[in-house]
file start_23.txt (compact mmCIF, C-alpha atoms)
# COMPACT_ATOMS: atom_id res chain seq x y z
CA MET I 1 0.00 0.00 0.00
CA ALA I 2 1.11 3.50 -0.67
CA GLU I 3 1.79 5.58 2.39
CA VAL I 4 1.51 9.28 3.13
CA HIS I 5 3.11 11.16 5.99
CA ILE I 6 1.70 14.56 6.81
CA ILE I 7 4.18 16.37 9.05
CA GLY I 8 3.81 20.01 9.83
CA GLN I 9 2.22 22.73 11.84
CA LEU I 10 -0.97 24.63 12.16
CA VAL I 11 0.96 27.90 12.22
CA GLY I 12 -1.68 30.44 13.08
CA ALA I 13 -4.34 32.82 11.85
CA SER I 14 -4.49 36.34 10.47
CA GLU I 15 -7.05 38.91 9.38
CA PHE I 16 -9.63 37.99 11.99
CA PRO I 17 -11.46 40.92 13.57
CA GLU I 18 -10.49 40.08 17.16
CA HIS I 19 -7.73 38.27 19.07
CA SER I 20 -7.75 35.39 21.59
CA LEU I 21 -8.31 32.82 18.89
CA PHE I 22 -8.07 29.07 18.99
CA CYS I 23 -8.72 26.39 16.44
CA LYS I 24 -10.30 22.96 16.36
CA TRP I 25 -8.93 20.95 13.50
CA GLY I 26 -9.32 17.51 11.99
CA ILE I 27 -8.23 15.48 9.03
CA HIS I 28 -10.91 13.74 7.01
CA ALA I 29 -9.97 10.98 4.59
CA GLY I 30 -12.00 8.52 2.52
CA GLY I 31 -12.63 4.85 3.24
CA ALA I 32 -9.59 3.68 1.31
CA TRP I 33 -7.35 5.57 3.72
CA LYS I 34 -6.26 4.06 6.99
CA LEU I 35 -4.73 6.00 9.84
CA ILE I 36 -1.67 4.14 11.05
CA ALA I 37 -0.25 6.55 13.60
CA GLY I 38 -0.73 10.07 14.87
CA LEU I 39 -3.55 12.34 15.95
CA LYS I 40 -6.07 13.22 13.27
CA GLU I 41 -7.87 15.88 15.24
CA GLY I 42 -7.11 18.31 17.97
CA GLN I 43 -7.51 21.70 19.46
CA THR I 44 -4.90 24.42 19.69
CA GLN I 45 -4.03 26.73 22.50
CA VAL I 46 -5.64 30.15 22.81
CA ASP I 47 -3.30 32.88 21.59
CA ASN I 48 -3.61 36.52 22.52
CA PRO I 49 -0.69 38.11 20.65
CA GLU I 50 1.39 40.85 22.19
CA ASN I 51 1.56 43.38 19.39
CA GLU I 52 0.96 41.64 16.13
CA GLU I 53 -1.98 41.00 13.88
CA PHE I 54 -1.06 37.33 13.67
CA ALA I 55 -2.16 34.69 16.18
CA TYR I 56 0.41 31.90 16.46
CA TRP I 57 -0.55 28.38 17.50
CA SER I 58 2.48 26.37 16.28
CA HIS I 59 0.37 23.26 16.70
CA PRO I 60 2.26 20.16 15.54
CA ILE I 61 0.67 17.74 13.08
CA ASP I 62 2.25 14.34 12.43
CA VAL I 63 0.05 11.66 10.88
CA HIS I 64 0.76 8.53 8.94
CA TYR I 65 -1.81 7.21 6.44
CA ALA I 66 -1.83 4.10 4.29
CA ALA I 67 -3.90 4.33 1.11
CA LYS I 68 -5.49 1.60 -0.99
CA GLY I 69 -6.76 4.09 -3.53
CA LEU I 70 -6.64 7.74 -4.37
CA GLN I 71 -10.34 8.40 -3.76
CA GLY I 72 -10.98 10.43 -0.65
CA TRP I 73 -7.63 12.21 -0.62
CA PRO I 74 -7.26 13.67 2.89
CA ARG I 75 -8.49 17.15 3.66
CA ILE I 76 -7.89 19.26 6.71
CA HIS I 77 -10.82 21.13 8.18
CA VAL I 78 -10.55 23.89 10.72
CA GLN I 79 -12.92 25.76 12.98
CA VAL I 80 -11.62 29.01 14.40
CA TRP I 81 -13.13 30.11 17.69
CA ARG I 82 -12.64 33.18 19.79
CA GLN I 83 -12.51 33.14 23.56
CA ASP I 84 -13.69 36.40 25.08
CA SER I 85 -12.61 37.91 28.39
CA LEU I 86 -15.35 36.02 30.23
CA GLY I 87 -14.13 32.70 28.91
CA ARG I 88 -17.00 32.24 26.48
CA SER I 89 -16.21 30.79 23.08
CA GLU I 90 -17.83 31.98 19.89
CA LEU I 91 -17.43 30.67 16.39
CA TYR I 92 -15.26 32.77 14.09
CA GLY I 93 -14.86 30.69 10.98
CA TYR I 94 -14.98 27.40 9.15
CA GLY I 95 -12.61 26.31 6.41
CA PHE I 96 -10.98 23.34 4.75
CA VAL I 97 -8.04 22.62 2.47
CA HIS I 98 -7.03 19.50 0.61
CA VAL I 99 -3.69 18.07 1.57
CA PRO I 100 -1.48 18.87 -1.46
CA THR I 101 -0.85 16.03 -3.89
CA SER I 102 2.89 16.50 -4.30
CA PRO I 103 5.56 15.64 -1.75
CA GLY I 104 7.69 18.38 -0.25
CA THR I 105 7.03 21.46 1.82
CA HIS I 106 3.87 23.47 1.32
CA LYS I 107 2.75 26.73 2.88
CA ILE I 108 -1.01 26.82 2.78
CA GLU I 109 -3.49 29.59 3.41
CA CYS I 110 -6.99 28.44 4.24
CA VAL I 111 -9.71 31.02 3.79
CA THR I 112 -12.57 30.83 6.24
CA TRP I 113 -16.22 31.80 6.40
CA ARG I 114 -18.96 31.84 8.96
CA PRO I 115 -22.72 31.48 8.60
CA ILE I 116 -24.82 34.62 8.99
CA GLY I 117 -28.26 34.55 10.51
CA THR I 118 -31.28 36.74 10.08
CA MET I 119 -31.19 40.48 10.81
CA GLN I 120 -32.51 39.83 14.30
CA GLU I 121 -29.88 37.18 15.00
CA GLU I 122 -27.11 39.46 13.78
CA LEU I 123 -28.36 42.20 16.06
CA THR I 124 -28.44 39.83 19.05
CA GLN I 125 -24.95 38.69 18.18
CA PHE I 126 -23.70 42.27 18.12
CA PHE I 127 -24.90 42.92 21.67
CA VAL I 128 -24.84 39.52 23.37
CA GLY I 129 -22.29 37.53 21.37
CA GLY I 130 -22.62 34.08 19.92
CA CYS I 131 -22.95 33.14 16.31
CA PRO I 132 -25.03 30.71 14.25
CA GLN I 133 -23.18 27.41 13.92
CA LEU I 134 -23.46 24.45 11.64
CA LYS I 135 -25.42 21.57 13.18
CA ASN I 136 -23.63 19.17 10.91
CA ALA I 137 -19.90 19.82 10.80
CA ASP I 138 -19.51 17.64 7.67
CA LEU I 139 -20.67 20.65 5.70
CA ILE I 140 -17.26 22.25 6.30
CA TYR I 141 -15.60 19.89 3.86
CA SER I 142 -18.48 18.70 1.67
CA GLY I 143 -20.20 20.53 -1.15
CA ALA I 144 -23.65 19.04 -0.69
CA ASP I 145 -26.45 21.26 0.64
CA ARG I 146 -24.28 24.34 0.77
CA TYR I 147 -26.75 26.34 -1.30
CA LYS I 148 -29.03 26.83 1.69
CA LEU I 149 -26.38 28.74 3.59
CA ARG I 150 -25.71 32.44 3.77
CA THR I 151 -22.17 33.14 4.82
CA THR I 152 -19.64 35.92 5.19
CA ALA I 153 -15.87 36.16 4.92
CA MET I 154 -13.56 35.77 7.90
CA GLY I 155 -9.76 35.59 8.19
CA LYS I 156 -7.16 33.12 7.03
CA VAL I 157 -5.62 30.09 8.72
CA HIS I 158 -1.98 29.38 7.87
CA LEU I 159 -0.57 25.87 7.65
CA LYS I 160 2.86 24.54 6.86
CA LEU I 161 2.83 20.93 5.72
CA ASN I 162 5.72 18.64 4.86
CA LEU I 163 4.56 15.66 2.84
CA ILE I 164 6.43 12.40 2.45
CA PHE I 165 4.97 9.83 0.06
CA ARG I 166 6.00 6.22 -0.07
CA ASN I 167 5.68 3.68 -2.86
CA PHE I 168 3.46 5.85 -5.04
CA ASP I 169 5.72 5.30 -8.03
CA LYS I 170 5.52 1.54 -7.48
CA TYR I 171 1.82 1.74 -8.38
CA GLY I 172 2.45 4.10 -11.26
CA VAL I 173 0.93 7.10 -9.50
CA GLU I 174 2.62 10.30 -10.54
CA CYS I 175 2.69 12.99 -7.90
CA MET Z 1 31.47 7.12 5.27
CA THR Z 2 30.56 3.46 5.01
CA GLY Z 3 30.09 1.78 1.67
CA VAL Z 4 26.92 1.68 -0.37
CA ASN Z 5 24.25 -0.57 1.14
CA PRO Z 6 21.95 -2.02 -1.54
CA ASN Z 7 19.18 -2.97 0.94
CA PRO Z 8 19.12 -0.40 3.71
CA ALA Z 9 16.83 -0.88 6.71
CA VAL Z 10 17.14 2.64 8.06
CA PHE Z 11 17.42 6.10 6.63
CA LEU Z 12 19.56 8.91 7.98
CA VAL Z 13 18.75 12.57 8.41
CA MET Z 14 21.53 15.00 9.20
CA ALA Z 15 20.80 18.56 10.26
CA ASN Z 16 23.57 21.16 10.49
CA GLY Z 17 22.97 24.77 11.17
CA GLN Z 18 22.73 27.50 13.72
CA ILE Z 19 20.38 29.48 15.87
CA LYS Z 20 21.11 32.82 14.29
CA THR Z 21 19.22 35.67 15.81
CA ALA Z 22 16.12 36.61 17.75
CA GLU Z 23 13.79 39.57 17.97
CA PHE Z 24 12.03 40.14 21.25
CA PRO Z 25 10.19 43.16 22.55
CA ASP Z 26 10.73 44.51 26.08
CA CYS Z 27 13.83 42.65 27.13
CA ASP Z 28 17.57 43.29 26.98
CA GLU Z 29 19.34 40.05 27.78
CA LEU Z 30 18.50 36.56 26.63
CA TYR Z 31 19.80 33.06 26.49
CA CYS Z 32 18.15 30.10 24.87
CA ARG Z 33 17.90 26.36 25.33
CA PHE Z 34 17.36 24.10 22.41
CA MET Z 35 16.34 20.47 22.28
CA PHE Z 36 15.46 18.10 19.50
CA VAL Z 37 12.32 16.08 20.27
CA HIS Z 38 11.59 12.98 18.23
CA GLY Z 39 9.31 9.95 18.06
CA GLN Z 40 10.13 6.49 19.33
CA ASP Z 41 11.48 5.10 16.07
CA TRP Z 42 14.18 7.74 15.94
CA VAL Z 43 17.71 7.38 17.31
CA VAL Z 44 20.42 10.01 17.50
CA THR Z 45 23.62 8.69 15.96
CA SER Z 46 25.79 11.74 16.48
CA GLY Z 47 25.62 15.33 17.60
CA LEU Z 48 23.96 17.08 20.49
CA GLU Z 49 20.25 16.79 21.23
CA GLU Z 50 20.16 19.52 23.85
CA GLY Z 51 22.12 22.61 24.68
CA ILE Z 52 22.21 26.07 26.20
CA SER Z 53 23.44 29.17 24.43
CA GLN Z 54 25.40 32.11 25.75
CA PHE Z 55 23.80 35.18 27.31
CA THR Z 56 23.42 37.82 24.66
CA HIS Z 57 22.53 41.50 24.78
CA LYS Z 58 20.29 43.32 22.38
CA SER Z 59 22.17 45.36 19.79
CA HIS Z 60 21.97 49.09 20.47
CA ASP Z 61 20.99 50.18 16.99
CA GLU Z 62 17.82 50.27 14.96
CA ARG Z 63 17.90 46.49 14.41
CA GLN Z 64 17.34 45.71 18.13
CA LEU Z 65 18.66 42.24 17.46
CA PHE Z 66 19.83 39.38 19.67
CA VAL Z 67 22.63 37.44 17.99
CA TRP Z 68 23.49 33.93 19.14
CA ASN Z 69 25.19 32.38 16.16
CA PHE Z 70 24.87 29.11 18.08
CA PRO Z 71 25.77 25.89 16.23
CA LEU Z 72 23.32 23.00 15.85
CA ASN Z 73 24.48 19.63 14.68
CA VAL Z 74 22.56 16.37 14.93
CA THR Z 75 22.21 13.16 12.92
CA TYR Z 76 19.28 10.80 13.24
CA LYS Z 77 18.52 7.36 11.99
CA SER Z 78 15.01 6.00 11.72
CA THR Z 79 12.85 3.44 9.99
CA ASN Z 80 9.70 5.53 9.84
CA PRO Z 81 9.11 9.24 9.25
CA TYR Z 82 6.40 9.26 11.92
CA GLY Z 83 7.74 11.20 14.87
CA TRP Z 84 9.88 13.40 12.63
CA PRO Z 85 12.23 15.44 14.87
CA GLN Z 86 11.22 18.87 16.03
CA LEU Z 87 13.46 21.63 17.25
CA VAL Z 88 12.14 23.12 20.48
CA ILE Z 89 13.58 26.45 21.58
CA SER Z 90 12.90 28.24 24.84
CA CYS Z 91 14.32 31.67 25.68
CA TYR Z 92 14.98 33.03 29.14
CA GLY Z 93 16.07 36.43 30.41
CA PRO Z 94 16.05 38.49 33.58
CA ASP Z 95 13.11 40.74 34.42
CA ALA Z 96 13.35 44.19 36.03
CA PHE Z 97 14.34 42.63 39.38
CA GLY Z 98 16.97 40.35 37.92
CA ARG Z 99 14.89 37.20 38.24
CA GLU Z 100 15.17 34.82 35.38
CA ILE Z 101 11.85 34.40 33.58
CA VAL Z 102 10.82 32.65 30.43
CA ARG Z 103 10.48 34.93 27.40
CA GLY Z 104 9.22 32.45 24.88
CA TYR Z 105 8.73 28.89 23.73
CA GLY Z 106 8.68 27.80 20.13
CA SER Z 107 8.88 24.69 18.02
CA VAL Z 108 9.32 23.69 14.41
CA HIS Z 109 9.74 20.43 12.52
CA ILE Z 110 13.16 20.13 10.96
CA PRO Z 111 12.78 20.35 7.16
CA ILE Z 112 12.23 17.12 5.25
CA THR Z 113 13.89 18.13 2.00
CA PRO Z 114 17.66 18.24 1.56
CA GLY Z 115 19.17 21.68 1.21
CA LYS Z 116 19.42 24.95 3.08
CA HIS Z 117 16.39 26.18 4.98
CA GLU Z 118 15.81 29.44 6.83
CA LEU Z 119 13.23 28.97 9.56
CA ASP Z 120 11.39 31.67 11.45
CA ILE Z 121 10.06 30.33 14.72
CA PRO Z 122 7.30 32.30 16.43
CA MET Z 123 7.66 32.34 20.22
CA TYR Z 124 4.99 32.49 22.88
CA VAL Z 125 4.63 32.37 26.66
CA PRO Z 126 1.81 30.77 28.63
CA VAL Z 127 -0.45 33.13 30.54
CA SER Z 128 -2.60 32.46 33.59
CA THR Z 129 -6.10 31.29 32.95
CA SER Z 130 -7.86 32.96 35.86
CA ARG Z 131 -7.83 36.55 37.06
CA PHE Z 132 -6.83 35.41 40.55
CA GLN Z 133 -3.77 33.61 39.20
CA LYS Z 134 -2.97 36.65 37.10
CA PHE Z 135 -3.02 38.79 40.21
CA THR Z 136 -0.94 36.40 42.34
CA SER Z 137 1.63 35.93 39.59
CA TRP Z 138 1.89 39.70 39.19
CA PHE Z 139 2.13 40.15 42.99
CA MET Z 140 4.63 37.35 43.62
CA GLY Z 141 6.56 38.00 40.42
CA ARG Z 142 6.33 34.37 39.36
CA ARG Z 143 5.26 33.97 35.77
CA PRO Z 144 3.62 30.80 34.49
CA GLU Z 145 5.95 28.51 32.61
CA PHE Z 146 5.92 24.97 31.29
CA VAL Z 147 7.49 22.41 33.64
CA ASP Z 148 8.82 20.55 30.62
CA PRO Z 149 9.45 22.61 27.45
CA LYS Z 150 8.78 19.46 25.42
CA VAL Z 151 5.02 20.03 25.72
CA VAL Z 152 5.24 22.65 22.97
CA SER Z 153 6.07 19.85 20.54
CA GLN Z 154 3.03 17.78 21.47
CA GLY Z 155 -0.40 18.04 19.96
CA GLU Z 156 -2.36 16.72 22.91
CA GLY Z 157 -3.60 18.77 25.83
CA ARG Z 158 -3.01 22.15 24.25
CA ASP Z 159 -6.66 23.15 24.46
CA VAL Z 160 -6.30 24.11 28.11
CA THR Z 161 -3.39 26.49 27.59
CA ARG Z 162 -3.63 30.17 26.91
CA VAL Z 163 -0.62 31.91 25.46
CA ARG Z 164 0.61 35.30 24.36
CA SER Z 165 2.85 35.27 21.32
CA GLN Z 166 5.81 37.63 21.30
CA GLY Z 167 9.05 37.63 19.33
CA HIS Z 168 10.69 35.40 16.75
CA VAL Z 169 13.83 33.27 16.55
CA LYS Z 170 15.62 32.76 13.26
CA VAL Z 171 17.25 29.40 12.64
CA CYS Z 172 19.16 28.15 9.63
CA LEU Z 173 19.31 24.39 8.97
CA ASN Z 174 21.07 22.43 6.25
CA ILE Z 175 19.54 19.00 5.72
CA VAL Z 176 21.10 15.92 4.21
CA THR Z 177 19.15 12.66 3.95
CA ARG Z 178 20.39 9.21 3.05
CA ASP Z 179 18.56 6.11 1.78
CA MET Z 180 15.11 7.67 1.97
CA LYS Z 181 14.56 7.15 -1.74
CA LYS Z 182 15.79 3.57 -1.47
CA LEU Z 183 13.20 2.85 1.21
CA GLY Z 184 10.52 4.20 -1.11
CA TYR Z 185 10.04 7.61 0.49
CA ASP Z 186 9.54 10.58 -1.81
CA VAL Z 187 10.19 14.01 -0.39
CA THR Z 188 10.20 15.95 -3.65
CA PRO Z 189 7.80 15.76 -6.59
CA SER Z 190 8.81 13.03 -9.01
CA ASP Z 191 9.84 14.01 -12.51
CA VAL Z 192 6.80 12.79 -14.42
CA THR Z 193 8.46 13.09 -17.82
CA SER Z 194 11.20 10.61 -16.94
CA VAL Z 195 8.85 7.72 -16.14
CA PRO Z 196 9.37 5.04 -18.78
CA VAL Z 197 6.19 4.01 -20.61
CA GLY Z 198 4.84 0.47 -20.20
CA VAL Z 199 6.49 -0.55 -16.94
CA ASN Z 200 3.70 0.55 -14.64
CA ALA Z 201 1.77 -2.23 -12.97
CA GLY Z 202 -1.28 -0.09 -12.16
CA ILE Z 203 -2.64 0.59 -8.69
call {"tool": "encode", "arguments": {"input": "start_23.txt", "output": "structure tokens"}}
result
Amino acid sequence: MAEVHIIGQLVGASEFPEHSLFCKWGIHAGGAWKLIAGLKEGQTQVDNPENEEFAYWSHPIDVHYAAKGLQGWPRIHVQVWRQDSLGRSELYGYGFVHVPTSPGTHKIECVTWRPIGTMQEELTQFFVGGCPQLKNADLIYSGADRYKLRTTAMGKVHLKLNLIFRNFDKYGVEC
Amino acid sequence: MTGVNPNPAVFLVMANGQIKTAEFPDCDELYCRFMFVHGQDWVVTSGLEEGISQFTHKSHDERQLFVWNFPLNVTYKSTNPYGWPQLVISCYGPDAFGREIVRGYGSVHIPITPGKHELDIPMYVPVSTSRFQKFTSWFMGRRPEFVDPKVVSQGEGRDVTRVRSQGHVKVCLNIVTRDMKKLGYDVTPSDVTSVPVGVNAGI
């Protein structure tokens, strides 16, 4: 079986309206992919940067997959949350990226979005906090049923991924 | 160097380089500790896994730079890229009362591709979670720090930490690998044009 190592970091986030951000992340792969070692989901620390517009998490990622087929190539999905001064968490953005299909080092920017509610909900959010969330988190990385959503732009999540592939050329796969 | 092994069981990764400089706000003197943290399949064959740098002062010009120029040199052997080594750096310096406090933790995976790599490591310090702890740490002058700096290289249990990022450390690493290709590991895109036609078995 061909093997893929995803080694890298969830570096941080930029261009979000507020600080004190953290991120819940996960890697989703199809049925032909088997996780051999490593954590495929996690949650970063909360960063409140000193004087910069960039929140750093430096969260390590090190996973080892074995693949029987190319279908369901792994994708990384992220949820950015903000923790306010009272310790409450509110959703700041959803996003996903495919793991690149060539070995080597990749710097990746993942754009994020969040759902927007009705006028009344937006008004409540402005004063009280909180944000409409997806009931079904699969929607972050799937295209089905997205048309019902109204969303708005949020910031970017930065990833640095080192990819090591094994035995792909043995099966004639060019990447 | 030993002779060519046609059927290697392990691959080697050699990292040479230096901790070059650092930029930190609000402090004048700094030293740093480095350690390489790796998974269980990895063994150090030569070089130093841990070390402490000299005390350096910030340059008194517009660069405001800390220069360490501290050498790093380590060689690993492994059978599996899982647990790829990470460089963990922690910086310490005296506060206004001369007590040594931590100024930042940072971590980065060593590069996987051979060649010269310039790495910029963001640094951060943990902060207290509750207001009461914030007050007592301010009053007693004891800042929160990690008991073991290795935790910054681990993915588990980070959700309970709150940090404040400040400063950067610049590291240069030159990587040489051996026998990775022979064990079937690709770390650079393959040259598609050079694949001979008709030899592929199909997936």
call {"tool": "residues_around", "arguments": {"input": "start_23.txt", "residues": "segment 12-15 of chain I", "least_positions_apart": "2", "cutoff": "7 Å", "atoms": "all atoms listed in the file", "output": "PDB file with C-alpha atoms, keeping the file's coordinate frame"}}
result
ATOM      1  CA  LEU I  10      -0.970  24.630  12.160  1.00  0.00           C
ATOM      2  CA  PRO I  17     -11.460  40.920  13.570  1.00  0.00           C
ATOM      3  CA  GLU I  53      -1.980  41.000  13.880  1.00  0.00           C
ATOM      4  CA  PHE I  54      -1.060  37.330  13.670  1.00  0.00           C
ATOM      5  CA  ALA I  55      -2.160  34.690  16.180  1.00  0.00           C
ATOM      6  CA  TYR I  56       0.410  31.900  16.460  1.00  0.00           C
ATOM      7  CA  TRP I  57      -0.550  28.380  17.500  1.00  0.00           C
ATOM      8  CA  SER I  58       2.480  26.370  16.280  1.00  0.00           C
ATOM      9  CA  GLY I 155      -9.760  35.590   8.190  1.00  0.00           C
ATOM     10  CA  LYS I 156      -7.160  33.120   7.030  1.00  0.00           C
ATOM     11  CA  VAL I 157      -5.620  30.090   8.720  1.00  0.00           C
ATOM     12  CA  HIS I 158      -1.980  29.380   7.870  1.00  0.00           C
TER      13      HIS I 158
END
call {"tool": "interface_residues", "arguments": {"input": "start_23.txt", "of": "chain Z", "to": "chain I", "cutoff": "6 Å", "atoms": "all atoms listed in the file", "output": "list in words"}}
result
Gly155, Arg158, Asp159, Thr161, Arg162, Val163, Arg164, Ser165, Gln166, Gly184, Tyr185, Asp186, Val187, Thr188, Pro189, Asn200, Gly202 and Ile203 of chain Z
call {"tool": "residues_near_point", "arguments": {"input": "start_23.txt", "point": "(-23.7, 40.4, 10.5)", "cutoff": "12 Å", "atoms": "only C-alpha atoms", "output": "PyMOL selection string"}}
result
chain I and resi 92+114-127+129-132+150-154
call {"tool": "write_last_selection", "arguments": {"input": "start_23.txt", "atoms": "C-alpha atoms", "output": "tab-separated table (two decimals), in the coordinates of the input"}}
result
chain	number	residue	atom	x	y	z
I	92	TYR	CA	-15.26	32.77	14.09
I	114	ARG	CA	-18.96	31.84	8.96
I	115	PRO	CA	-22.72	31.48	8.60
I	116	ILE	CA	-24.82	34.62	8.99
I	117	GLY	CA	-28.26	34.55	10.51
I	118	THR	CA	-31.28	36.74	10.08
I	119	MET	CA	-31.19	40.48	10.81
I	120	GLN	CA	-32.51	39.83	14.30
I	121	GLU	CA	-29.88	37.18	15.00
I	122	GLU	CA	-27.11	39.46	13.78
I	123	LEU	CA	-28.36	42.20	16.06
I	124	THR	CA	-28.44	39.83	19.05
I	125	GLN	CA	-24.95	38.69	18.18
I	126	PHE	CA	-23.70	42.27	18.12
I	127	PHE	CA	-24.90	42.92	21.67
I	129	GLY	CA	-22.29	37.53	21.37
I	130	GLY	CA	-22.62	34.08	19.92
I	131	CYS	CA	-22.95	33.14	16.31
I	132	PRO	CA	-25.03	30.71	14.25
I	150	ARG	CA	-25.71	32.44	3.77
I	151	THR	CA	-22.17	33.14	4.82
I	152	THR	CA	-19.64	35.92	5.19
I	153	ALA	CA	-15.87	36.16	4.92
I	154	MET	CA	-13.56	35.77	7.90
call {"tool": "closest_residue", "arguments": {"input": "start_23.txt", "among": "I:Trp73, I:Tyr147, I:Tyr94, I:Tyr141", "to": "Ala32 of chain I", "atoms": "only C-alpha atoms"}}
result
I:Trp73
call {"tool": "residues_around", "arguments": {"input": "start_23.txt", "residues": "Pro111 of chain Z", "least_positions_apart": "4", "cutoff": "9 Å", "atoms": "all atoms listed in the file", "output": "list in words"}}
result
Thr105 and Asn162 of chain I; Ala15, Gly115, His117, Leu119, Leu173, Asn174 and Ile175 of chain Z
call {"tool": "residues_near_point", "arguments": {"input": "start_23.txt", "point": "(-12.8, 16.1, 8.6)", "cutoff": "9 Å", "atoms": "all atoms listed in the file", "output": "ChimeraX atom specification"}}
result
/I:25-29,40-41,74-78,96,137-138,140-141
call {"tool": "atom_distance", "arguments": {"input": "start_23.txt", "atom1": "atom CA of Arg88 of chain I", "atom2": "atom CA of His19 of chain I"}}
result
13.3 Å
call {"tool": "residues_around", "arguments": {"input": "start_23.txt", "residues": "Gln54 of chain Z", "least_positions_apart": "6", "cutoff": "10 Å", "atoms": "all atoms listed in the file", "output": "JSON list (two decimals) with C-alpha atoms, in the frame of the given file"}}
result
[["chain", "number", "residue", "atom", "x", "y", "z"],
["Z", 30, "LEU", "CA", 18.50, 36.56, 26.63],
["Z", 31, "TYR", "CA", 19.80, 33.06, 26.49],
["Z", 32, "CYS", "CA", 18.15, 30.10, 24.87],
["Z", 33, "ARG", "CA", 17.90, 26.36, 25.33],
["Z", 67, "VAL", "CA", 22.63, 37.44, 17.99],
["Z", 68, "TRP", "CA", 23.49, 33.93, 19.14],
["Z", 69, "ASN", "CA", 25.19, 32.38, 16.16],
["Z", 70, "PHE", "CA", 24.87, 29.11, 18.08]]
call {"tool": "closest_residue", "arguments": {"input": "start_23.txt", "among": "Z:Phe24, Z:Trp138, Z:Phe66, Z:Trp84", "to": "Trp42 of chain Z", "atoms": "all atoms listed in the file"}}
result
Z:Trp84
call {"tool": "atom_distance", "arguments": {"input": "start_23.txt", "atom1": "atom CA of Val88 of chain Z", "atom2": "atom CA of Glu100 of chain Z"}}
result
19.2 Å
call {"tool": "closest_residue", "arguments": {"input": "start_23.txt", "among": "Z:Gly141, Z:Phe135, Z:Asp179, Z:Val127", "to": "Phe97 of chain Z", "atoms": "all atoms listed in the file"}}
result
Z:Gly141
call {"tool": "atom_distance", "arguments": {"input": "start_23.txt", "atom1": "atom CA of Glu18 of chain I", "atom2": "atom CA of Ile121 of chain Z"}}
result
22.9 Å
